[in-house]
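Since the structure comes first, as structure tokens, the remarks are kept for the end.
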Amino acid sequence: MRPRLKSAVFLLSILSAGSAATAQDESVNPGINESYLDPNLSAIKWVERFEREGREVYDNREAIVEAIGIRNGMSVADIGTGTGLFVPLLLKKAGDQGHLFAVDIVPDFLARVREQ
């Protein structure tokens with residue numbers, strides 16, 4: 001049996017509904033996520049950018065997941081899951097009894113994660 005993956009769009013909606021203006025006012029880099037809100041954003045274009053050799057996070061993804069200390073049966077939240085780079089590794093660590101909540105503001109990213 002595979003670990004369960006849950007797209008937590010509802011959680012993001014709840015969290016962002018009450019704090020969107022406040023978070024923007026307090027941001028050290030206002031507007032940094034605006035490009036991700038484009039309704040025509042394509043996950044495939046971002047896969048080429050995020051999931052490539054030579055990108056530090058990509059090259060060290062296994063060590064990053066190992067350092068988190070996830071154990072079998074844990075529930076894990078991948079906030080800002082993006083293209084789902086960490087999803088397979090996190091699911092493997094959480095094991096059959098674990099859960100993964102993949103959260104992102106980009107619907108196409110979440111659709112890609114569901115397909116994987």
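Every chain in the structure tokens has a letter given in the order shown (A, B, ...), and although residue numbers restart at 1 in each chain, ligands are simply numbered from 1 in the order shown.
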**Item:** For segment 40-50 of chain A: contacts at 8 Å, only C-alpha atoms, fewer than 6 positions along chain excluded, given as number ranges by chain
**Value:** A: 58, 83, 85, 106, 108-109, 112
Grab the residues selected above and save them as a compact mmCIF listing (two decimals), in the first residue's frame with N, CA, C and O atoms.
```txt
# COMPACT_ATOMS: atom_id res chain seq x y z
N TYR A 58 18.08 20.88 -6.06
CA TYR A 58 17.88 19.63 -6.80
C TYR A 58 19.03 18.66 -6.52
O TYR A 58 18.80 17.48 -6.23
N THR A 83 6.67 22.11 -8.07
CA THR A 83 6.53 21.07 -9.09
C THR A 83 6.48 19.66 -8.49
O THR A 83 6.34 18.68 -9.21
N LEU A 85 9.00 18.34 -6.51
CA LEU A 85 10.36 17.78 -6.47
C LEU A 85 10.57 16.86 -5.28
O LEU A 85 11.14 15.78 -5.40
N VAL A 106 -0.42 27.43 -6.68
CA VAL A 106 -0.56 27.25 -8.12
C VAL A 106 -1.33 25.97 -8.42
O VAL A 106 -0.83 24.87 -8.19
N ASP A 108 -1.93 24.42 -11.16
CA ASP A 108 -1.27 23.53 -12.11
C ASP A 108 -0.14 22.73 -11.45
O ASP A 108 0.13 21.60 -11.82
N PHE A 109 0.52 23.31 -10.46
CA PHE A 109 1.53 22.57 -9.71
C PHE A 109 0.87 21.41 -8.97
O PHE A 109 1.35 20.28 -8.99
N ARG A 112 -0.11 18.61 -11.27
CA ARG A 112 1.06 17.81 -11.65
C ARG A 112 1.43 16.83 -10.54
O ARG A 112 1.72 15.67 -10.79
```
**Item:** Contacts of Ile79 of chain A within 9 Å, only C-alpha atoms, excl. fewer than 6 positions in-chain, as a ChimeraX atom specification
**Value:** /A:101-104
Could you write those residues out with N, CA, C and O atoms, as a PDB file, in the first residue's frame?
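Result saved to part-v5.pdb:
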```pdb
ATOM      1  N   PHE A 101       0.874  16.148   2.928  1.00  0.00           N
ATOM      2  CA  PHE A 101       0.006  17.231   2.501  1.00  0.00           C
ATOM      3  C   PHE A 101       0.833  18.137   1.594  1.00  0.00           C
ATOM      4  O   PHE A 101       1.790  18.761   2.048  1.00  0.00           O
ATOM      5  N   ALA A 102       0.496  18.168   0.316  1.00  0.00           N
ATOM      6  CA  ALA A 102       1.199  18.999  -0.657  1.00  0.00           C
ATOM      7  C   ALA A 102       0.393  20.278  -0.845  1.00  0.00           C
ATOM      8  O   ALA A 102      -0.753  20.230  -1.280  1.00  0.00           O
ATOM      9  N   VAL A 103       0.996  21.415  -0.496  1.00  0.00           N
ATOM     10  CA  VAL A 103       0.291  22.695  -0.512  1.00  0.00           C
ATOM     11  C   VAL A 103       1.004  23.658  -1.452  1.00  0.00           C
ATOM     12  O   VAL A 103       2.228  23.776  -1.404  1.00  0.00           O
ATOM     13  N   ASP A 104       0.234  24.320  -2.296  1.00  0.00           N
ATOM     14  CA  ASP A 104       0.807  25.333  -3.174  1.00  0.00           C
ATOM     15  C   ASP A 104      -0.286  26.288  -3.615  1.00  0.00           C
ATOM     16  O   ASP A 104      -1.463  25.939  -3.567  1.00  0.00           O
TER      17      ASP A 104
END
```
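Among A:Pro39, A:Gly54, A:Pro30, A:Gly69, the residue with the shortest atom-to-atom distance to Lys93 of chain A, counting only C-alpha atoms, is A:Gly69.
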Residues near Ile70 of chain A, anyone? I mean within 12 Å using only C-alpha atoms, not counting same-chain ones fewer than 3 positions away, as an mmCIF file with all heavy atoms, in the first residue's frame.
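Output file around-v4.cif is given in full below:
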```cif
data_model
loop_
_atom_site.group_PDB
_atom_site.id
_atom_site.type_symbol
_atom_site.label_atom_id
_atom_site.label_comp_id
_atom_site.auth_asym_id
_atom_site.auth_seq_id
_atom_site.Cartn_x
_atom_site.Cartn_y
_atom_site.Cartn_z
ATOM 1 N N ILE A 64 18.709 16.736 1.885
ATOM 2 C CA ILE A 64 17.763 17.639 2.544
ATOM 3 C C ILE A 64 16.665 16.826 3.233
ATOM 4 O O ILE A 64 16.357 17.042 4.405
ATOM 5 C CB ILE A 64 17.157 18.635 1.527
ATOM 6 C CG1 ILE A 64 18.231 19.612 1.046
ATOM 7 C CG2 ILE A 64 15.960 19.370 2.126
ATOM 8 C CD1 ILE A 64 17.840 20.434 -0.164
ATOM 9 N N VAL A 65 16.096 15.881 2.517
ATOM 10 C CA VAL A 65 15.025 15.051 3.087
ATOM 11 C C VAL A 65 15.571 14.212 4.240
ATOM 12 O O VAL A 65 14.910 14.065 5.277
ATOM 13 C CB VAL A 65 14.354 14.183 1.997
ATOM 14 C CG1 VAL A 65 13.418 13.161 2.612
ATOM 15 C CG2 VAL A 65 13.608 15.073 1.020
ATOM 16 N N GLU A 66 16.751 13.688 4.096
ATOM 17 C CA GLU A 66 17.362 12.887 5.166
ATOM 18 C C GLU A 66 17.544 13.726 6.432
ATOM 19 O O GLU A 66 17.286 13.268 7.542
ATOM 20 C CB GLU A 66 18.703 12.312 4.701
ATOM 21 C CG GLU A 66 19.265 11.271 5.612
ATOM 22 C CD GLU A 66 18.402 10.030 5.731
ATOM 23 O OE1 GLU A 66 17.770 9.613 4.741
ATOM 24 O OE2 GLU A 66 18.356 9.470 6.846
ATOM 25 N N ALA A 67 17.957 14.973 6.264
ATOM 26 C CA ALA A 67 18.214 15.863 7.402
ATOM 27 C C ALA A 67 16.933 16.229 8.162
ATOM 28 O O ALA A 67 16.992 16.564 9.347
ATOM 29 C CB ALA A 67 18.910 17.129 6.920
ATOM 30 N N GLY A 73 5.296 6.517 9.151
ATOM 31 C CA GLY A 73 4.061 6.806 9.871
ATOM 32 C C GLY A 73 3.823 8.275 10.158
ATOM 33 O O GLY A 73 2.756 8.647 10.636
ATOM 34 N N MET A 74 4.788 9.112 9.882
ATOM 35 C CA MET A 74 4.630 10.542 10.153
ATOM 36 C C MET A 74 3.715 11.205 9.132
ATOM 37 O O MET A 74 3.595 10.756 7.996
ATOM 38 C CB MET A 74 5.976 11.264 10.129
ATOM 39 C CG MET A 74 6.843 11.033 11.315
ATOM 40 S SD MET A 74 8.356 12.034 11.152
ATOM 41 C CE MET A 74 8.634 12.447 12.846
ATOM 42 N N SER A 75 3.109 12.295 9.544
ATOM 43 C CA SER A 75 2.384 13.184 8.638
ATOM 44 C C SER A 75 3.307 14.349 8.331
ATOM 45 O O SER A 75 3.890 14.941 9.238
ATOM 46 C CB SER A 75 1.095 13.692 9.292
ATOM 47 O OG SER A 75 0.199 12.629 9.466
ATOM 48 N N VAL A 76 3.429 14.665 7.045
ATOM 49 C CA VAL A 76 4.370 15.679 6.592
ATOM 50 C C VAL A 76 3.634 16.682 5.710
ATOM 51 O O VAL A 76 2.790 16.298 4.908
ATOM 52 C CB VAL A 76 5.512 15.028 5.773
ATOM 53 C CG1 VAL A 76 6.515 16.057 5.315
ATOM 54 C CG2 VAL A 76 6.187 13.924 6.572
ATOM 55 N N ALA A 77 3.971 17.960 5.849
ATOM 56 C CA ALA A 77 3.406 18.995 4.990
ATOM 57 C C ALA A 77 4.513 19.588 4.134
ATOM 58 O O ALA A 77 5.526 20.046 4.657
ATOM 59 C CB ALA A 77 2.740 20.083 5.825
ATOM 60 N N LEU A 89 10.264 11.606 -2.506
ATOM 61 C CA LEU A 89 11.185 11.345 -1.408
ATOM 62 C C LEU A 89 10.469 11.420 -0.061
ATOM 63 O O LEU A 89 10.721 10.599 0.832
ATOM 64 C CB LEU A 89 12.346 12.339 -1.451
ATOM 65 C CG LEU A 89 13.190 12.316 -2.728
ATOM 66 C CD1 LEU A 89 14.150 13.490 -2.763
ATOM 67 C CD2 LEU A 89 13.937 11.008 -2.847
ATOM 68 N N LEU A 90 9.584 12.394 0.095
ATOM 69 C CA LEU A 90 8.844 12.538 1.346
ATOM 70 C C LEU A 90 7.875 11.379 1.544
ATOM 71 O O LEU A 90 7.725 10.863 2.661
ATOM 72 C CB LEU A 90 8.095 13.873 1.363
ATOM 73 C CG LEU A 90 8.965 15.127 1.361
ATOM 74 C CD1 LEU A 90 8.109 16.377 1.158
ATOM 75 C CD2 LEU A 90 9.788 15.229 2.635
ATOM 76 N N LEU A 91 7.217 10.969 0.472
ATOM 77 C CA LEU A 91 6.288 9.833 0.557
ATOM 78 C C LEU A 91 7.026 8.560 0.968
ATOM 79 O O LEU A 91 6.541 7.785 1.799
ATOM 80 C CB LEU A 91 5.583 9.609 -0.774
ATOM 81 C CG LEU A 91 4.492 10.595 -1.140
ATOM 82 C CD1 LEU A 91 4.042 10.382 -2.581
ATOM 83 C CD2 LEU A 91 3.311 10.479 -0.190
ATOM 84 N N LYS A 92 8.193 8.360 0.401
ATOM 85 C CA LYS A 92 8.977 7.165 0.733
ATOM 86 C C LYS A 92 9.349 7.164 2.208
ATOM 87 O O LYS A 92 9.235 6.142 2.890
ATOM 88 C CB LYS A 92 10.231 7.111 -0.140
ATOM 89 C CG LYS A 92 11.069 5.884 0.084
ATOM 90 C CD LYS A 92 12.259 5.859 -0.858
ATOM 91 C CE LYS A 92 13.116 4.629 -0.602
ATOM 92 N NZ LYS A 92 14.292 4.610 -1.480
ATOM 93 N N LYS A 93 9.778 8.301 2.731
ATOM 94 C CA LYS A 93 10.166 8.402 4.132
ATOM 95 C C LYS A 93 8.965 8.223 5.071
ATOM 96 O O LYS A 93 9.089 7.616 6.121
ATOM 97 C CB LYS A 93 10.823 9.754 4.425
ATOM 98 C CG LYS A 93 12.231 9.844 3.926
ATOM 99 C CD LYS A 93 13.114 8.963 4.765
ATOM 100 C CE LYS A 93 14.565 9.179 4.460
ATOM 101 N NZ LYS A 93 15.412 8.303 5.251
ATOM 102 N N ALA A 94 7.812 8.774 4.702
ATOM 103 C CA ALA A 94 6.621 8.682 5.553
ATOM 104 C C ALA A 94 6.071 7.262 5.581
ATOM 105 O O ALA A 94 5.378 6.880 6.522
ATOM 106 C CB ALA A 94 5.550 9.664 5.083
ATOM 107 N N GLY A 95 6.352 6.487 4.558
ATOM 108 C CA GLY A 95 5.958 5.083 4.532
ATOM 109 C C GLY A 95 4.470 4.865 4.316
ATOM 110 O O GLY A 95 3.702 5.803 4.116
ATOM 111 N N GLY A 98 2.104 6.743 6.607
ATOM 112 C CA GLY A 98 2.265 8.193 6.669
ATOM 113 C C GLY A 98 1.329 8.939 5.740
ATOM 114 O O GLY A 98 0.609 8.351 4.934
ATOM 115 N N HIS A 99 1.342 10.246 5.893
ATOM 116 C CA HIS A 99 0.531 11.134 5.057
ATOM 117 C C HIS A 99 1.400 12.294 4.595
ATOM 118 O O HIS A 99 2.264 12.757 5.345
ATOM 119 C CB HIS A 99 -0.642 11.707 5.842
ATOM 120 C CG HIS A 99 -1.610 10.679 6.297
ATOM 121 N ND1 HIS A 99 -1.396 9.891 7.392
ATOM 122 C CD2 HIS A 99 -2.795 10.296 5.783
ATOM 123 C CE1 HIS A 99 -2.412 9.077 7.549
ATOM 124 N NE2 HIS A 99 -3.281 9.296 6.589
ATOM 125 N N LEU A 100 1.145 12.760 3.389
ATOM 126 C CA LEU A 100 1.823 13.946 2.883
ATOM 127 C C LEU A 100 0.781 14.935 2.421
ATOM 128 O O LEU A 100 -0.101 14.593 1.627
ATOM 129 C CB LEU A 100 2.765 13.596 1.714
ATOM 130 C CG LEU A 100 3.429 14.791 1.023
ATOM 131 C CD1 LEU A 100 4.328 15.553 1.993
ATOM 132 C CD2 LEU A 100 4.206 14.349 -0.189
#
```
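If you measure from each of A:Val87, A:Gly80, A:Asp96, A:Gln116 to Tyr36 of chain A using only C-alpha atoms, the closest one turns out to be A:Gly80.
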**Message:** Just checking: using only C-alpha atoms, which residue out of A:Gly82, A:Glu115, A:Leu110, A:Gln97 ends up closest to Glu51 of chain A?
**Reply:** A:Gly82
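One distance worth recording is that between atom CA of Glu56 of chain A and atom CA of Glu26 of chain A, which is 28.1 Å.
The two atoms in question, atom CA of Arg61 of chain A and atom CA of Val113 of chain A, are spaced 16.7 Å apart.
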**Item:** Å distance separating atom CA of Asp38 of chain A from atom CA of Arg114 of chain A, one decimal place
**Value:** 20.0 Å
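The residue that comes closest to Asn33 of chain A, out of A:Val57, A:Ile105, A:Arg52, A:Ile68 and on the basis of only C-alpha atoms, is A:Ile105.
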